[in-house]
Amino acid sequence: MTLVADTLPDDPGTLKAMLIAERLRAERLEQIIKELQRHRFGRRAETLPEDQLLLGLEDVEQGVAADEASREKDAPAAKAERIDRRRSNRGSLPAHLPRIETIVDIEDKTCPCCRHRLHVIGEDVAERLDIVPAQFRVIVTRRSRYGCRACEGVVVQAPAPARLIEGGMPTEATVAQVLVSKFADHLPLYRQAQIYARQGVNLDRSTLADWVGRAAFLLRPIHERMLGHLKASSKLFADETTAPVLDPGRGRTKTGQFFAYARDDRPWQGSDPPAVVFVYAPDRKAERSIDHLQGFAGTLQVDGYAGYRTLAEKGEVKLAFCWSHVRRRFYELAAAGPAPIATEALERIAALYQIETEIRGWSAEARRLVRQDRTRPLLDALEALLREKLTLISQKTKLAEAIRYALSRWEGLSRFTDDGRVELDNNTVERAIRPLALTRSSEGPAARRTRSSPDQTRAPSTGPLSLRSSRQPSSTSSIPRLTSPMSSPASFKRIPTAISTTSCRGGSKRRKPTSPPWPEQSIGSGLAAPCRTPTKPITA
């Protein structure tokens with residue numbers, strides 16, 4: 001509404017108050033706009049991830065290599081120098097890799113001068129790394145039938161070996177490859193079908209979806225066992241991320257949610273192996289986390305999701321909140337422009353992280369003593385600063401929101417000082433749940449059918465997603481790990497994960513879905529691109 005001069009009050013004090021209110025409102029709107037611009041066009045985190053930085057360097061390094069090859073073509077001396085430098089810096093290949101020897105020998109083994117027989121005085125050995133592309137092969141099983149010439153009607157035959165998919169053609173290794181490619185390498189099933197078609201193996205996407213769904217059903221006991229094993233711990237991480245789900249009949253998507261529950265006791269020399277379990281829920285109701293963690297008693301490290309507070313109200317679970325979420329709010333203010341209060345808060349939080357870096361890998365009791373001696377005074381000073389500044393600024397600003405966010409969770413934010421097992425932030429499980437976001441972006445909305453099944457969040461499948469930490473002490477390499485059923489020999493060092501979903505194969509409404517081997521549950525692929533059915537597809 002446009003203000004007319006006649007409608008404004010004549011009192012100078014009232015006009016000053018109106019001007020101050022409008023300036024505060026404009027400042028708040030500017031902060032919101034800058035935050036939206038950073039979210040839309042800026043970086044997604046406070047620091048640039050190393051992987052993203054390496055992506056930017058790849059093109060530069062490739063261009064430099066092409067220029068060097070061009071110069072070496074016309075400069076033999078520079079080429080020889082480059083070869084010598086490359087040989088001295090290439091390192092050695094792993095000893096466990098198989099060696100295939102190729103012998104390069106001379107044809108005439110007589111001396112070119114006196115024509116006497118030459119003898120070996122030494123040899124030069126050079127090793128190069130070779131890769132055999134993925135190859136399909138056919139496993140043929142023959143079962144002979146035997147009959148008796150004396151006894152009529154007697155036929156003896158060895159029983160057929162059990163198959164993962166009865167009546168189907170894939171081996172266990174084939175299904176494992178499909179699962180690992182889908183959940184760990186973020187390859188939707190339609191892309192896998194295109195990759196296989198290049199080698200002349202035409203597999204329909206719906207066939208791959210059927211394999212994934214049946215494997216998920218068979219892996220359900222492992223998922224439940226792993227989740228029960230985690231709930232027996234005294235301290236866990238928890239995080240969640242949304243998942244767009246196709247809602248047939250409404251012409252749009254609805255929002256489901258993936259929950260991740262992780263354990264990583266390596267920073268305080270714990271003996272339990274690290275692991276993470278994922279559970280899918282068709283909605284964002286608070287009781288989902290209560291159902292998942294039923295029977296758990298201990299400390300749960302979480303972000304600000306309100307669903308966990310209901311779990312803590314029962315008294316068996318104590319919540320420890322994440323300082324990364326607190327820091328992110330002040331960082332957004334400091335990155336948008338001059339913000340002395342937010343900058344000072346960031347410096348004080350950085351001092352907390354510096355102490356944690358020093359004591360990472362110590363025992364839980366040693367960490368607790370250091371935190372009581374050095375961290376507790378810093379926390380008390382930070383709390384006093386935030387409470388003082390909150391009384392001096394407008395309560396409608398983004399800075400006030402950031403301060404209130406921290407102060408309202410102060411008890412949970414301070415819990416790590418009284419327990420050496422608790423971490424400063426929730427980054428452990430956030431790193432574990434990040435691959436799900438990559439899979440979600442590559443596949444698009446999932447076609448999940450959720451009905452009134454009493455166990456609609458427990459149709460599991462597994463994938464070797466890693467629970468990685470960039471700040472792990474070197475002394476933890478000998479800790480035993482739970483082995484994942486989908487792990488290959490090259491991924492034994494990965495931490496096992498399980499993912500629980502309820503979904504069905506995507507496709508046309510007019511197509512009648514096949515009946516899964518379990519009631520009303522199956523798992524399907526993403527629908528980021530149209531289904532391309534190859535000619536003469538192989539069916540299971």
# chains A, B, ... in the order shown; residues from 1 in each chain; ligands from 1
$ residues_around --residues "range 91-95 of chain A" --least-positions-apart "4" --cutoff "9 Å" --atoms "only C-alpha atoms" --output "list of chain:residue names"
A:Arg87, A:Arg99, A:Glu127, A:Arg128, A:Leu129
$ select_by_dssp --residues "range 151-238 of chain A" --states "alpha helix (DSSP H)" --output "tab-separated table (two decimals) with N, CA and C atoms, in the first residue's frame"
chain	number	residue	atom	x	y	z
A	172	GLU	N	24.56	-64.62	-8.07
A	172	GLU	CA	24.61	-63.72	-6.93
A	172	GLU	C	25.53	-62.54	-7.21
A	173	ALA	N	26.62	-62.76	-7.94
A	173	ALA	CA	27.55	-61.68	-8.25
A	173	ALA	C	26.90	-60.65	-9.17
A	174	THR	N	26.06	-61.10	-10.10
A	174	THR	CA	25.38	-60.17	-11.00
A	174	THR	C	24.42	-59.27	-10.24
A	175	VAL	N	23.63	-59.85	-9.34
A	175	VAL	CA	22.71	-59.05	-8.55
A	175	VAL	C	23.47	-58.09	-7.64
A	176	ALA	N	24.58	-58.56	-7.08
A	176	ALA	CA	25.40	-57.69	-6.24
A	176	ALA	C	25.94	-56.50	-7.02
A	177	GLN	N	26.34	-56.73	-8.26
A	177	GLN	CA	26.85	-55.64	-9.09
A	177	GLN	C	25.76	-54.62	-9.37
A	178	VAL	N	24.56	-55.07	-9.64
A	178	VAL	CA	23.44	-54.16	-9.89
A	178	VAL	C	23.14	-53.31	-8.66
A	179	LEU	N	23.15	-53.94	-7.48
A	179	LEU	CA	22.88	-53.22	-6.25
A	179	LEU	C	23.97	-52.20	-5.94
A	180	VAL	N	25.22	-52.60	-6.08
A	180	VAL	CA	26.32	-51.68	-5.80
A	180	VAL	C	26.30	-50.51	-6.77
A	181	SER	N	26.03	-50.77	-8.03
A	181	SER	CA	25.98	-49.70	-9.02
A	181	SER	C	24.84	-48.74	-8.73
A	182	LYS	N	23.72	-49.25	-8.27
A	182	LYS	CA	22.55	-48.40	-8.02
A	182	LYS	C	22.73	-47.56	-6.76
A	183	PHE	N	23.14	-48.18	-5.65
A	183	PHE	CA	23.14	-47.48	-4.37
A	183	PHE	C	24.48	-46.84	-4.03
A	189	LEU	N	18.76	-47.72	-12.79
A	189	LEU	CA	18.68	-48.98	-13.52
A	189	LEU	C	18.60	-48.79	-15.02
A	190	TYR	N	17.98	-47.70	-15.47
A	190	TYR	CA	17.89	-47.53	-16.93
A	190	TYR	C	19.28	-47.24	-17.51
A	191	ARG	N	20.16	-46.58	-16.74
A	191	ARG	CA	21.52	-46.36	-17.23
A	191	ARG	C	22.31	-47.66	-17.22
A	192	GLN	N	22.10	-48.48	-16.21
A	192	GLN	CA	22.77	-49.78	-16.21
A	192	GLN	C	22.34	-50.61	-17.40
A	193	ALA	N	21.06	-50.55	-17.74
A	193	ALA	CA	20.58	-51.30	-18.91
A	193	ALA	C	21.28	-50.82	-20.18
A	194	GLN	N	21.53	-49.51	-20.28
A	194	GLN	CA	22.23	-48.98	-21.45
A	194	GLN	C	23.68	-49.45	-21.47
A	195	ILE	N	24.33	-49.50	-20.30
A	195	ILE	CA	25.72	-49.96	-20.24
A	195	ILE	C	25.82	-51.42	-20.66
A	196	TYR	N	24.89	-52.24	-20.16
A	196	TYR	CA	24.94	-53.66	-20.52
A	196	TYR	C	24.62	-53.88	-22.00
A	197	ALA	N	23.77	-53.02	-22.55
A	197	ALA	CA	23.40	-53.18	-23.96
A	197	ALA	C	24.59	-52.94	-24.88
A	205	ARG	N	14.82	-52.79	-18.08
A	205	ARG	CA	14.94	-52.10	-16.80
A	205	ARG	C	14.02	-52.72	-15.75
A	206	SER	N	12.84	-53.13	-16.14
A	206	SER	CA	11.93	-53.75	-15.18
A	206	SER	C	12.49	-55.09	-14.67
A	207	THR	N	13.28	-55.77	-15.50
A	207	THR	CA	13.92	-57.00	-15.03
A	207	THR	C	14.95	-56.70	-13.95
A	208	LEU	N	15.75	-55.66	-14.17
A	208	LEU	CA	16.71	-55.25	-13.15
A	208	LEU	C	16.00	-54.84	-11.87
A	209	ALA	N	14.87	-54.12	-12.01
A	209	ALA	CA	14.12	-53.72	-10.83
A	209	ALA	C	13.60	-54.93	-10.06
A	210	ASP	N	13.21	-55.97	-10.78
A	210	ASP	CA	12.75	-57.19	-10.13
A	210	ASP	C	13.88	-57.85	-9.34
A	211	TRP	N	15.09	-57.86	-9.92
A	211	TRP	CA	16.24	-58.42	-9.21
A	211	TRP	C	16.52	-57.63	-7.92
A	212	VAL	N	16.48	-56.30	-8.03
A	212	VAL	CA	16.77	-55.46	-6.86
A	212	VAL	C	15.73	-55.68	-5.77
A	213	GLY	N	14.46	-55.75	-6.16
A	213	GLY	CA	13.40	-55.94	-5.17
A	213	GLY	C	13.51	-57.26	-4.45
A	214	ARG	N	13.79	-58.33	-5.18
A	214	ARG	CA	13.91	-59.64	-4.53
A	214	ARG	C	15.15	-59.72	-3.65
A	215	ALA	N	16.23	-59.08	-4.09
A	215	ALA	CA	17.42	-59.04	-3.24
A	215	ALA	C	17.14	-58.25	-1.96
A	216	ALA	N	16.36	-57.18	-2.08
A	216	ALA	CA	16.00	-56.40	-0.89
A	216	ALA	C	15.22	-57.25	0.10
A	217	PHE	N	14.32	-58.05	-0.40
A	217	PHE	CA	13.53	-58.91	0.49
A	217	PHE	C	14.43	-59.94	1.18
A	218	LEU	N	15.36	-60.53	0.44
A	218	LEU	CA	16.22	-61.55	1.02
A	218	LEU	C	17.22	-60.95	2.01
A	220	ARG	N	16.54	-58.49	4.05
A	220	ARG	CA	15.84	-57.88	5.18
A	220	ARG	C	16.36	-58.37	6.53
A	221	PRO	N	16.59	-59.67	6.75
A	221	PRO	CA	17.10	-60.09	8.07
A	221	PRO	C	18.44	-59.45	8.43
A	222	ILE	N	19.30	-59.23	7.44
A	222	ILE	CA	20.58	-58.59	7.73
A	222	ILE	C	20.36	-57.15	8.17
A	223	HIS	N	19.46	-56.47	7.48
A	223	HIS	CA	19.16	-55.09	7.84
A	223	HIS	C	18.60	-55.01	9.26
A	224	GLU	N	17.67	-55.87	9.59
A	224	GLU	CA	17.09	-55.85	10.93
A	224	GLU	C	18.13	-56.21	11.99
A	225	ARG	N	19.02	-57.14	11.65
A	225	ARG	CA	20.07	-57.52	12.59
A	225	ARG	C	21.02	-56.35	12.84
A	226	MET	N	21.40	-55.65	11.80
A	226	MET	CA	22.30	-54.51	11.94
A	226	MET	C	21.64	-53.38	12.73
A	227	LEU	N	20.36	-53.11	12.46
A	227	LEU	CA	19.67	-52.06	13.20
A	227	LEU	C	19.56	-52.43	14.67
A	228	GLY	N	19.25	-53.70	14.96
A	228	GLY	CA	19.20	-54.13	16.35
A	228	GLY	C	20.55	-54.04	17.02
A	229	HIS	N	21.62	-54.33	16.26
A	229	HIS	CA	22.97	-54.23	16.82
A	229	HIS	C	23.31	-52.79	17.17
A	230	LEU	N	22.89	-51.85	16.33
A	230	LEU	CA	23.15	-50.44	16.61
A	230	LEU	C	22.35	-49.96	17.82
A	231	LYS	N	21.10	-50.40	17.92
A	231	LYS	CA	20.26	-49.95	19.04
A	231	LYS	C	20.77	-50.46	20.38
$ select_by_dssp --residues "range 43-215 of chain A" --states "strand (DSSP E)" --output "ChimeraX atom specification"
/A:145-147,155-157
$ residues_around --residues "Ser414 in chain A" --least-positions-apart "4" --cutoff "10 Å" --atoms "only C-alpha atoms" --output "list in words"
Ala320, Phe321, Cys322, Trp323, Thr375, Arg376, Leu379, Asp380, Arg409, Trp410, Asp418, Asp419 and Leu424 of chain A
$ closest_residue --among "A:Arg163, A:Arg367, A:Lys318, A:Arg431" --to "Phe296 in chain A" --atoms "only C-alpha atoms"
A:Lys318
$ residues_around --residues "Pro377 in chain A" --least-positions-apart "5" --cutoff "12 Å" --atoms "only C-alpha atoms" --output "MDAnalysis selection string"
chainID A and resid 348 351:352 370:372 382:384 414 417
$ atom_distance --atom1 "CA of Leu413 in chain A" --atom2 "CA of Thr299 in chain A"
12.4 Å
